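Undergrad: Supplied structure: input37.tsv, TSV, C-alpha atoms and all ligand atoms.
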chain	number	residue	atom	x	y	z
A	629	MET	CA	18.47	38.44	76.36
A	630	HIS	CA	20.34	41.47	77.62
A	631	ARG	CA	21.91	41.87	74.14
A	632	GLU	CA	18.48	41.69	72.49
A	633	ARG	CA	17.20	44.44	74.80
A	634	LEU	CA	20.24	46.56	73.94
A	635	LEU	CA	19.74	45.95	70.21
A	636	SER	CA	16.04	46.81	70.34
A	637	ARG	CA	16.91	49.97	72.31
A	638	LYS	CA	19.47	50.91	69.63
A	639	VAL	CA	16.86	50.45	66.89
A	640	ASN	CA	14.41	52.58	68.85
A	641	VAL	CA	16.98	55.35	69.37
A	642	GLU	CA	17.72	55.39	65.64
A	643	GLN	CA	14.01	55.69	64.92
A	644	LEU	CA	13.80	58.90	66.94
A	645	THR	CA	13.89	62.09	64.88
A	646	ASP	CA	17.31	63.76	64.73
A	647	ILE	CA	16.41	67.43	65.26
A	648	ARG	CA	19.40	68.62	63.20
A	649	GLY	CA	18.48	66.38	60.26
A	650	VAL	CA	14.94	67.57	59.54
A	651	THR	CA	13.33	70.84	58.49
A	652	ALA	CA	11.17	72.61	61.08
A	653	LYS	CA	8.09	71.51	59.12
A	654	GLU	CA	9.21	67.87	59.22
A	655	LEU	CA	9.93	68.20	62.94
A	656	PHE	CA	6.42	69.55	63.44
A	657	GLU	CA	4.96	66.53	61.57
A	658	LYS	CA	6.90	64.18	63.89
A	659	ILE	CA	5.91	65.90	67.12
A	660	SER	CA	2.38	67.09	66.29
A	661	GLN	CA	0.98	64.00	68.12
A	662	THR	CA	2.09	65.67	71.39
A	663	GLY	CA	-0.07	68.74	70.66
A	664	ALA	CA	2.92	70.84	69.54
A	665	ASP	CA	2.35	73.34	66.73
A	666	LEU	CA	4.69	74.47	63.93
A	667	ARG	CA	5.79	77.52	65.89
A	668	LEU	CA	6.93	75.35	68.78
A	669	ALA	CA	8.79	73.03	66.38
A	670	ARG	CA	10.63	76.09	65.05
A	671	ARG	CA	11.46	77.33	68.55
A	672	ILE	CA	12.81	73.94	69.59
A	673	GLN	CA	14.97	73.59	66.49
A	674	SER	CA	16.27	77.10	66.89
A	675	ALA	CA	17.13	76.43	70.56
A	676	VAL	CA	18.95	73.21	69.64
A	677	PHE	CA	21.07	75.01	67.03
A	678	ARG	CA	21.83	77.82	69.49
A	679	SER	CA	22.87	75.67	72.43
A	680	GLY	CA	23.59	72.19	71.04
A	681	VAL	CA	21.21	70.57	73.56
A	682	PHE	CA	17.47	70.05	73.86
A	683	PRO	CA	15.99	73.05	75.75
A	684	SER	CA	15.13	72.27	79.36
A	685	GLU	CA	12.60	75.11	79.39
A	686	LEU	CA	10.93	77.54	77.00
A	687	PRO	CA	8.73	80.51	77.95
A	688	GLU	CA	5.01	79.62	77.93
A	689	VAL	CA	5.65	75.92	77.22
A	690	SER	CA	4.94	73.37	79.96
A	691	SER	CA	7.83	71.17	81.05
A	692	ARG	CA	5.48	68.18	80.56
A	693	LEU	CA	5.06	68.99	76.84
A	694	LEU	CA	8.78	69.59	76.40
A	695	LEU	CA	9.52	66.23	78.03
A	696	LYS	CA	7.06	64.44	75.72
A	697	ILE	CA	8.76	65.99	72.69
A	698	LYS	CA	12.22	65.18	74.04
A	699	GLU	CA	11.22	61.51	74.37
A	700	ILE	CA	10.45	61.17	70.65
A	701	THR	CA	13.40	63.18	69.31
A	702	ARG	CA	17.16	63.16	69.68
A	703	ILE	CA	20.32	65.03	68.74
A	704	ALA	CA	22.63	62.60	66.94
A	705	SER	CA	26.22	62.79	68.13
A	706	LEU	CA	29.13	64.16	66.12
A	707	GLU	CA	32.59	63.99	67.62
A	708	CYS	CA	35.62	65.91	66.36
A	709	ILE	CA	38.49	63.46	66.73
A	710	GLU	CA	41.22	65.56	65.11
A	711	LYS	CA	41.70	69.25	64.43
A	712	ALA	CA	44.66	70.60	62.46
A	713	VAL	CA	45.34	74.33	62.01
A	714	SER	CA	47.72	75.52	59.33
A	715	PRO	CA	50.36	77.88	60.77
A	716	ILE	CA	50.81	79.22	57.24
A	717	ASP	CA	47.33	80.39	56.24
A	718	GLY	CA	45.00	79.54	59.14
A	719	PHE	CA	43.01	76.91	57.20
A	720	THR	CA	41.65	74.38	59.69
A	721	ARG	CA	40.84	70.73	59.00
A	722	TYR	CA	38.36	68.84	61.20
A	723	LEU	CA	38.05	65.05	61.25
A	724	PHE	CA	34.65	63.83	62.47
A	725	ARG	CA	33.13	60.60	63.71
A	726	SER	CA	29.34	60.28	63.80
A	727	GLU	CA	27.20	57.34	64.85
A	728	GLY	CA	27.63	55.65	61.44
A	729	GLU	CA	30.52	53.90	59.76
A	730	GLY	CA	33.67	55.78	58.68
A	731	LEU	CA	35.16	59.21	59.25
A	732	PHE	CA	34.74	62.43	57.31
A	733	GLU	CA	36.32	65.88	57.13
A	734	SER	CA	35.42	69.55	56.93
A	735	VAL	CA	37.67	72.54	56.31
A	736	ARG	CA	37.32	76.02	57.77
A	737	ILE	CA	38.59	78.70	55.40
A	738	PRO	CA	39.41	82.05	57.03
A	739	LEU	CA	38.44	85.30	55.32
A	740	VAL	CA	40.12	87.67	57.75
A	741	HIS	CA	41.81	90.25	55.55
A	742	ARG	CA	39.15	92.93	56.21
A	743	PRO	CA	39.33	94.09	59.84
A	744	GLY	CA	35.84	94.22	61.33
A	745	ASP	CA	34.42	91.91	58.61
A	746	GLU	CA	36.22	88.66	59.42
A	747	LYS	CA	34.33	85.48	58.62
A	748	TYR	CA	34.78	81.83	57.78
A	749	ILE	CA	33.71	79.74	54.81
A	750	ILE	CA	33.04	76.12	55.76
A	751	CYS	CA	33.79	73.38	53.25
A	752	ILE	CA	31.77	70.27	54.10
A	753	SER	CA	31.55	66.64	53.02
A	754	SER	CA	28.45	64.96	51.59
A	755	GLN	CA	29.70	61.37	51.35
A	756	ILE	CA	32.45	59.21	52.82
A	757	GLY	CA	34.61	58.33	49.83
A	758	CYS	CA	33.35	58.89	46.31
A	759	SER	CA	32.49	56.68	43.36
A	760	VAL	CA	33.51	59.25	40.73
A	761	GLY	CA	37.28	58.76	41.08
A	762	CYS	CA	38.67	62.02	39.70
A	763	ALA	CA	42.35	61.62	38.85
A	764	PHE	CA	43.44	64.49	41.13
A	765	CYS	CA	41.38	63.66	44.23
A	766	ALA	CA	42.32	61.69	47.35
A	767	THR	CA	38.64	61.10	48.22
A	768	GLY	CA	38.10	59.51	44.82
A	769	SER	CA	40.95	57.07	45.44
A	770	MET	CA	39.10	55.73	48.52
A	771	GLY	CA	36.14	54.40	46.51
A	772	PHE	CA	32.62	54.94	47.79
A	773	ILE	CA	31.90	54.11	51.46
A	774	ARG	CA	28.50	55.69	52.16
A	775	ASP	CA	26.26	58.74	51.87
A	776	LEU	CA	26.13	61.14	54.80
A	777	SER	CA	22.68	61.85	56.20
A	778	ALA	CA	21.26	65.38	56.15
A	779	GLY	CA	21.86	65.53	59.92
A	780	GLU	CA	25.52	64.52	59.54
A	781	ILE	CA	26.01	67.21	56.89
A	782	VAL	CA	24.33	69.95	58.94
A	783	ALA	CA	26.18	68.89	62.10
A	784	GLN	CA	29.54	69.61	60.41
A	785	VAL	CA	28.53	73.26	59.95
A	786	GLU	CA	27.25	73.46	63.49
A	787	ALA	CA	30.41	71.92	65.00
A	788	VAL	CA	32.75	74.19	63.05
A	789	LYS	CA	30.62	77.26	63.80
A	790	ARG	CA	30.67	76.42	67.50
A	791	ASP	CA	34.47	76.27	67.36
A	792	SER	CA	34.83	79.63	65.57
A	793	GLU	CA	35.28	83.18	66.78
A	794	TYR	CA	33.95	84.76	63.54
A	795	PRO	CA	30.58	84.19	61.81
A	796	VAL	CA	29.96	81.75	58.98
A	797	GLY	CA	30.08	83.71	55.71
A	798	GLY	CA	29.27	80.77	53.46
A	799	VAL	CA	29.14	77.01	53.13
A	800	VAL	CA	30.58	75.08	50.19
A	801	PHE	CA	29.81	71.46	49.32
A	802	MET	CA	33.35	70.81	48.09
A	803	GLY	CA	34.60	68.36	50.69
A	804	MET	CA	34.45	64.59	50.40
A	805	GLY	CA	31.92	63.15	47.96
A	806	GLU	CA	29.87	64.06	44.89
A	807	PRO	CA	26.95	66.10	46.31
A	808	PHE	CA	24.66	65.32	43.34
A	809	LEU	CA	24.98	61.57	43.97
A	810	ASN	CA	23.50	62.19	47.43
A	811	TYR	CA	21.04	64.75	46.11
A	812	GLU	CA	18.11	64.46	48.55
A	813	ASN	CA	20.26	64.63	51.69
A	814	VAL	CA	22.38	67.47	50.29
A	815	MET	CA	19.35	69.57	49.33
A	816	LYS	CA	17.66	68.94	52.66
A	817	SER	CA	20.83	69.86	54.57
A	818	ALA	CA	21.25	73.06	52.52
A	819	GLN	CA	17.65	73.93	53.36
A	820	ILE	CA	18.30	73.41	57.09
A	821	ILE	CA	21.63	75.27	56.98
A	822	SER	CA	19.95	78.29	55.35
A	823	SER	CA	16.77	78.22	57.43
A	824	PRO	CA	16.34	80.99	60.04
A	825	THR	CA	15.55	78.27	62.61
A	826	GLY	CA	18.54	76.20	61.44
A	827	MET	CA	22.01	77.62	60.90
A	828	ALA	CA	20.67	80.86	59.32
A	829	VAL	CA	23.41	80.97	56.66
A	830	ALA	CA	22.21	83.03	53.66
A	831	ALA	CA	21.15	80.66	50.85
A	832	LYS	CA	23.04	82.76	48.29
A	833	THR	CA	26.30	82.05	50.12
A	834	ILE	CA	25.84	78.27	49.88
A	835	THR	CA	27.63	76.65	46.93
A	836	VAL	CA	27.08	73.15	45.59
A	837	SER	CA	29.84	71.72	43.44
A	838	THR	CA	29.40	68.79	41.07
A	839	SER	CA	31.65	66.82	38.75
A	840	GLY	CA	28.88	67.06	36.13
A	841	VAL	CA	25.94	64.84	37.10
A	842	VAL	CA	23.63	66.16	34.39
A	843	PRO	CA	20.22	64.82	35.57
A	844	GLN	CA	20.68	66.49	38.95
A	845	ILE	CA	21.93	69.75	37.39
A	846	ARG	CA	18.58	69.80	35.58
A	847	GLN	CA	16.64	68.80	38.71
A	848	PHE	CA	18.46	71.51	40.72
A	849	THR	CA	17.44	74.01	38.02
A	850	ASP	CA	13.82	72.84	37.79
A	851	GLU	CA	13.41	72.99	41.56
A	852	GLY	CA	14.63	76.59	41.62
A	853	ARG	CA	17.25	75.90	44.28
A	854	PRO	CA	18.67	79.23	45.47
A	855	TYR	CA	22.27	78.00	45.94
A	856	LYS	CA	25.26	78.73	43.69
A	857	LEU	CA	26.30	76.02	41.27
A	858	VAL	CA	29.89	75.08	40.45
A	859	ILE	CA	30.80	72.44	37.88
A	860	SER	CA	34.21	70.84	37.92
A	861	LEU	CA	35.24	70.91	34.25
A	862	SER	CA	39.07	70.89	33.96
A	863	SER	CA	39.06	69.96	30.30
A	864	ALA	CA	37.05	70.78	27.18
A	865	ASP	CA	38.39	67.70	25.43
A	866	SER	CA	36.17	64.68	25.99
A	867	ALA	CA	38.93	62.03	25.84
A	868	GLN	CA	41.11	63.96	28.25
A	869	ARG	CA	38.23	64.79	30.58
A	870	GLU	CA	37.26	61.13	30.79
A	871	ILE	CA	40.68	60.45	32.34
A	872	LEU	CA	40.54	63.43	34.72
A	873	ILE	CA	36.84	63.35	35.65
A	874	PRO	CA	35.18	60.00	34.85
A	875	THR	CA	31.61	61.38	35.02
A	876	GLU	CA	32.42	62.34	31.44
A	877	LYS	CA	31.80	58.72	30.37
A	878	LYS	CA	28.17	58.91	31.41
A	879	TRP	CA	27.41	62.59	30.82
A	880	PRO	CA	29.71	63.89	28.05
A	881	LEU	CA	30.72	67.52	27.60
A	882	SER	CA	28.04	68.19	24.97
A	883	GLU	CA	25.26	67.17	27.42
A	884	LEU	CA	26.98	69.01	30.25
A	885	ALA	CA	27.18	72.25	28.24
A	886	GLU	CA	23.49	71.86	27.34
A	887	SER	CA	22.61	71.57	31.05
A	888	VAL	CA	24.68	74.68	31.83
A	889	LYS	CA	22.75	76.57	29.14
A	890	TYR	CA	19.47	75.22	30.55
A	891	TYR	CA	20.46	76.48	34.03
A	892	HIS	CA	21.40	79.91	32.72
A	893	ASP	CA	18.27	80.24	30.57
A	894	LYS	CA	16.01	79.35	33.50
A	895	THR	CA	17.74	81.21	36.32
A	896	GLY	CA	19.64	84.04	34.62
A	897	GLU	CA	22.64	83.03	36.76
A	898	ARG	CA	26.08	82.09	35.47
A	899	VAL	CA	27.44	78.68	36.38
A	900	THR	CA	30.99	78.75	37.70
A	901	LEU	CA	33.25	76.24	35.97
A	902	ALA	CA	36.14	75.01	38.11
A	903	TRP	CA	39.36	74.24	36.28
A	904	THR	CA	42.03	72.32	38.16
A	905	MET	CA	45.26	73.39	36.45
A	906	ILE	CA	47.76	70.61	35.77
A	907	SER	CA	51.07	71.50	34.17
A	908	GLY	CA	51.48	70.17	30.65
A	909	VAL	CA	47.93	68.77	30.63
A	910	ASN	CA	45.23	71.45	30.45
A	911	CYS	CA	46.85	74.91	30.41
A	912	SER	CA	47.56	75.42	26.71
A	913	GLU	CA	46.09	77.71	24.06
A	914	ASN	CA	44.23	74.68	22.65
A	915	ASP	CA	42.54	74.21	26.03
A	916	ALA	CA	41.44	77.86	26.07
A	917	VAL	CA	40.12	77.62	22.50
A	918	GLY	CA	38.28	74.34	23.23
A	919	LEU	CA	36.67	75.87	26.30
A	920	SER	CA	35.54	79.00	24.45
A	921	GLU	CA	34.05	76.89	21.63
A	922	LEU	CA	32.22	74.57	24.02
A	923	PHE	CA	30.61	77.47	25.91
A	924	SER	CA	30.21	79.84	23.00
A	925	GLY	CA	27.11	81.95	23.73
A	926	ILE	CA	26.61	80.43	27.22
A	927	PRO	CA	27.58	82.91	29.96
A	928	VAL	CA	29.80	81.21	32.54
A	929	LYS	CA	32.53	82.15	35.01
A	930	LEU	CA	35.82	80.30	35.28
A	931	ASP	CA	37.65	79.55	38.54
A	932	LEU	CA	41.24	78.40	38.19
A	933	ILE	CA	42.78	76.31	40.92
A	934	ASP	CA	46.17	74.62	41.23
A	935	VAL	CA	46.18	70.84	41.38
A	936	ASN	CA	47.19	69.33	44.74
A	937	ASP	CA	48.54	65.88	44.16
A	938	PRO	CA	50.38	64.50	47.20
A	939	SER	CA	51.90	61.75	45.01
A	940	GLY	CA	53.63	64.48	42.96
A	941	LYS	CA	52.59	62.89	39.64
A	942	MET	CA	50.52	65.93	38.67
A	943	VAL	CA	52.02	69.33	39.32
A	944	PRO	CA	50.54	72.84	39.07
A	945	PRO	CA	51.72	75.10	36.23
A	946	SER	CA	54.70	77.38	36.72
A	947	ASP	CA	53.97	81.11	37.00
A	948	GLU	CA	54.91	81.51	33.36
A	949	GLU	CA	52.68	78.65	32.14
A	950	ARG	CA	49.78	79.97	34.26
A	951	ASN	CA	50.18	83.56	33.03
A	952	LEU	CA	50.26	82.39	29.43
A	953	PHE	CA	47.08	80.34	30.01
A	954	LEU	CA	45.44	83.46	31.50
A	955	ASP	CA	46.44	85.42	28.37
A	956	TYR	CA	44.87	82.74	26.15
A	957	LEU	CA	41.69	82.74	28.23
A	958	ARG	CA	41.44	86.55	27.98
A	959	LEU	CA	41.93	86.30	24.24
A	960	HIS	CA	39.52	83.44	23.47
A	961	LEU	CA	37.03	82.97	26.31
A	962	LYS	CA	36.00	86.55	27.09
A	963	MET	CA	34.23	85.48	30.31
A	964	PRO	CA	35.16	86.38	33.92
A	965	VAL	CA	38.16	84.37	35.12
A	966	ALA	CA	39.28	84.20	38.74
A	967	ARG	CA	42.13	82.37	40.39
A	968	ARG	CA	41.02	80.57	43.54
A	969	TYR	CA	43.53	80.06	46.34
A	970	SER	CA	43.65	76.51	47.62
A	971	GLY	CA	45.03	76.74	51.14
A	972	GLY	CA	45.80	74.30	53.91
A	973	LYS	CA	48.24	72.18	51.86
A	974	ASP	CA	50.53	71.72	54.85
A	975	ILE	CA	47.70	70.10	56.87
A	976	GLU	CA	46.27	68.14	53.90
A	977	ALA	CA	43.18	70.33	53.83
A	978	ALA	CA	43.54	71.71	50.30
A	979	CYS	CA	41.17	70.88	47.45
A	980	GLY	CA	41.49	67.23	46.49
A	981	MET	CA	43.38	66.23	49.64
A	982	LEU	CA	40.55	65.13	51.96
A	983	ALA	CA	40.44	61.42	52.63
A	984	GLY	CA	38.72	60.95	55.99
A	985	ARG	CA	42.06	59.93	57.56
A	986	ALA	CA	41.31	56.69	59.41
A	987	SER	CA	38.56	55.69	56.96
A	988	GLN	CA	41.30	53.78	55.15
A	989	ASN	CA	40.22	50.86	57.33
A	990	THR	CA	36.68	50.94	55.98
A	991	LYS	CA	36.04	48.89	52.85
A	992	PRO	CA	34.51	50.64	49.82
A	993	THR	CA	31.12	49.45	48.57
A	994	GLU	CA	29.71	48.97	45.08
A	995	LYS	CA	26.68	51.13	45.86
A	996	ASN	CA	26.27	54.54	44.30
A	997	SER	CA	28.63	53.80	41.44
A	998	ASN	CA	26.41	55.89	39.17
A	999	ALA	CA	29.26	57.80	37.67
A	1001	LIG	S1	36.70	65.66	43.10
A	1001	LIG	FE1	34.68	65.39	44.02
A	1001	LIG	S2	33.59	64.12	42.53
A	1001	LIG	FE2	35.77	63.92	42.03
A	1001	LIG	S3	36.44	62.09	43.17
A	1001	LIG	FE3	36.84	63.89	44.46
A	1001	LIG	S4	35.04	64.03	45.79
A	1001	LIG	FE4	34.48	62.73	44.04
Starting from the coordinates I provided, produce the structure as structure tokens.
Ligand code: SF4
TA:
Amino acid sequence: MHRERLLSRKVNVEQLTDIRGVTAKELFEKISQTGADLRLARRIQSAVFRSGVFPSELPEVSSRLLLKIKEITRIASLECIEKAVSPIDGFTRYLFRSEGEGLFESVRIPLVHRPGDEKYIICISSQIGCSVGCAFCATGSMGFIRDLSAGEIVAQVEAVKRDSEYPVGGVVFMGMGEPFLNYENVMKSAQIISSPTGMAVAAKTITVSTSGVVPQIRQFTDEGRPYKLVISLSSADSAQREILIPTEKKWPLSELAESVKYYHDKTGERVTLAWTMISGVNCSENDAVGLSELFSGIPVKLDLIDVNDPSGKMVPPSDEERNLFLDYLRLHLKMPVARRYSGGKDIEAACGMLAGRASQNTKPTEKNSNA
């Protein structure tokens, strides 16, 4: 009997609205029965993001009304159970536990080279595990565990921000998971993160990265989402890309390039293509030529990043191999190319290294194996 009461209480708690997981408009819809208006919903959400707790008082709002709203809402818990700071480059990895199954990680990237303009970029997770299974990614080797809710995604930014001395200069969806296979929750969280009553991070500094889920690239475009788009490409050869990034099987390079063109035509923005450099695999002149042919007439940007494979099977190019590849790209591609630093290797926080540490004990599921 006691257990049944506890269970029914748990169900009821879960039915309450998580203030960090809804937009202010959605919060208003949930609490309007109390007589609250949209402005009050905004003030409450803003207060929760400022302090981390439900406000005990607000000017010109009765404590009775606040109590009524508190009774039908909640702030879901997020606990940081491990924090590792790199003594080499200051990258910081956070391991989180929420109320749901499994653990997930975020990384704080310091941009502190300009005195007076120091800030952090926060790299967040959208899923626990991932069904895509990219060859160079520790998350992919876990299989898919579950989607994170919008509240769990937003709470990562809030927790890292609360732990930081400098402001948040941007948020990147490049942690665990394929954001476009958890599209609704990712878009809602980005909306809350960028909202003035949410985390107030400028929408233009939010980046969503995908392995190439074409239908959602088109949906993202059609919906006019104001965030930057990065597509993990890493090869312009379909057979090779299928091994590196298995989304290729479902949405081949030709369709992917079409969707990039569609995005550019509709938004005027360039998509950034991410290229994980693997020595002897995708850093040759042929790779540069293939890339330039595939995106001929489609303005893109290219970000180069060294592979991080803890098993040592895949290694980054030597300086000479990398410089030669850069020469070939300059010669054939004629698009902006940047080299992106992947820090935090010593604390397993670099790109491709996140694996939700203790989630090894959680069994993968078949769900979400869209890729
Ligand atoms: S790189 Fe991204 S899409 Fe690929 S397996 Fe890792 S988390 Fe999934």
Undergrad: Between A:Glu710, A:Asp791, A:Glu727, A:Glu870, which one has atoms that come closest to ligand LIG 1001 (chain A), using all atoms listed in the file?
TA: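 Closest residue, counting all atoms listed in the file: A:Glu870.
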Undergrad: List as a list in words the protein and nucleic acid residues near Arg869 of chain A, meaning an atom at most 10 Å away when all atoms listed in the file are counted, but skip any in the same chain fewer than 4 places from it.
TA: Cys762, Ala763, Leu861, Ser862, Ser863, Ala864, Asp865, Ile873, Pro874, Thr875, Glu876, Lys877, Pro880, Leu881 and Asn910 of chain A
Undergrad: Name each residue within 6 Å of ligand LIG 1001 (chain A), counting only C-alpha atoms and all ligand atoms, as a tab-separated table (two decimals) with C-alpha atoms, in the coordinates of the input.
TA:
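To be explicit, this is the file written out as selection00.tsv:
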chain	number	residue	atom	x	y	z
A	758	CYS	CA	33.35	58.89	46.31
A	760	VAL	CA	33.51	59.25	40.73
A	761	GLY	CA	37.28	58.76	41.08
A	762	CYS	CA	38.67	62.02	39.70
A	765	CYS	CA	41.38	63.66	44.23
A	767	THR	CA	38.64	61.10	48.22
A	768	GLY	CA	38.10	59.51	44.82
A	804	MET	CA	34.45	64.59	50.40
A	805	GLY	CA	31.92	63.15	47.96
A	806	GLU	CA	29.87	64.06	44.89
A	839	SER	CA	31.65	66.82	38.75
Undergrad: With a cut-off of 10 Å, could you pull out the residues of segment 678-708 of chain A touching segment 770-790 of chain A and give me the nearest pair of atoms for each, distance in Å to one decimal, using all atoms listed in the file, ordered by chain and ascending number, as a tab-separated table?
TA:
residue	atom	partner	partner_atom	distance
A:Arg678	CA	A:Arg790	CA	9.2
A:Ser679	CA	A:Arg790	CA	9.3
A:Gly680	CA	A:Glu786	CA	8.5
A:Ile703	CA	A:Gly779	CA	9.0
A:Ala704	CA	A:Gly779	CA	7.6
A:Ser705	CA	A:Ala783	CA	8.6
A:Leu706	CA	A:Ala783	CA	6.9
A:Glu707	CA	A:Ala787	CA	8.6
A:Cys708	CA	A:Ala787	CA	8.1
Undergrad: Grab the residues selected above and save them as a CSV table (one decimal), in the coordinates of the input with C-alpha atoms.
TA:
chain,number,residue,atom,x,y,z
A,678,ARG,CA,21.8,77.8,69.5
A,679,SER,CA,22.9,75.7,72.4
A,680,GLY,CA,23.6,72.2,71.0
A,703,ILE,CA,20.3,65.0,68.7
A,704,ALA,CA,22.6,62.6,66.9
A,705,SER,CA,26.2,62.8,68.1
A,706,LEU,CA,29.1,64.2,66.1
A,707,GLU,CA,32.6,64.0,67.6
A,708,CYS,CA,35.6,65.9,66.4
Undergrad: What's the separation between atom CA of Val800 of chain A and atom CA of Ser734 of chain A, in Å to one decimal place?
TA: 10.0 Å
Undergrad: Given only C-alpha atoms as the basis, pick out the residue of A:Ala978, A:Val888, A:Leu694, A:Ile906 nearest to Thr720 of chain A.
TA: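 Once distances to Thr720 of chain A are computed over only C-alpha atoms, the minimum belongs to A:Ala978.
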Undergrad: Give, as JSON, the centre coordinates and the x, y and z edge lengths in Å to one decimal for an axis-aligned box around all listed atoms of segment 854-860 of chain A, padded by 6 Å on each side.
TA:
{"center_x": 26.4, "center_y": 75.0, "center_z": 41.9, "size_x": 27.5, "size_y": 20.4, "size_z": 20.1}
Undergrad: Select, from A:Lys941, A:Met905, A:Ile752, A:Ser691, the residue with the minimum atom-to-atom distance to Ser837 of chain A, counting all atoms listed in the file.
TA: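 Once distances to Ser837 of chain A are computed over all atoms listed in the file, the minimum belongs to A:Ile752.
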Undergrad: Which residue is closest to Gly984 of chain A? Choose from A:Gln661, A:Ile700, A:Phe724, A:Ala669 and count only C-alpha atoms.
TA: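 Result for the nearest residue to Gly984 of chain A: A:Phe724.
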Undergrad: Which residue gives the smallest distance to Thr904 of chain A among A:Ser946, A:Val928, A:Gly852, A:Arg968, with all atoms listed in the file counted?
TA: A:Arg968
Undergrad: So which one's closest to Ser882 of chain A, A:Thr900, A:Val858, A:Val842, A:Tyr956? Using only C-alpha atoms, please.
TA: A:Val842
Undergrad: How many Å lie between atom CA of Gly730 of chain A and atom CA of Ser939 of chain A, rounded to one decimal?
TA: 23.6 Å
Undergrad: List the neighbours of segment 912-922 of chain A out to 9 Å using all atoms listed in the file; skip same-chain residues closer than 2 positions along the sequence, and give me the result as a PyMOL selection string.
TA: chain A and resi 863-865+881-882+885+908-910+924-926+949+952-963
Undergrad: Have a look at atom CA of Gln819 of chain A and atom CA of Lys747 of chain A and let me know their distance in Å, one decimal.
TA: 21.0 Å
Undergrad: May I have the residues within 9 Å of Pro843 of chain A as a list in words, using only C-alpha atoms and disregarding those fewer than 6 positions away in the same chain?
TA: Phe808, Trp879 and Ser887 of chain A
Undergrad: Excluding same-chain residues fewer than 2 positions from Asp717 of chain A, what lies within 7 Å of it counting all atoms listed in the file, as a PDB file with C-alpha atoms, in the frame of the given file?
TA:
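Heads up, here's the output in around_31.pdb:
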ATOM      1  CA  SER A 714      47.720  75.520  59.330  1.00  0.00           C
ATOM      2  CA  PRO A 715      50.360  77.880  60.770  1.00  0.00           C
ATOM      3  CA  PHE A 719      43.010  76.910  57.200  1.00  0.00           C
ATOM      4  CA  GLY A 971      45.030  76.740  51.140  1.00  0.00           C
ATOM      5  CA  GLY A 972      45.800  74.300  53.910  1.00  0.00           C
TER       6      GLY A 972
END
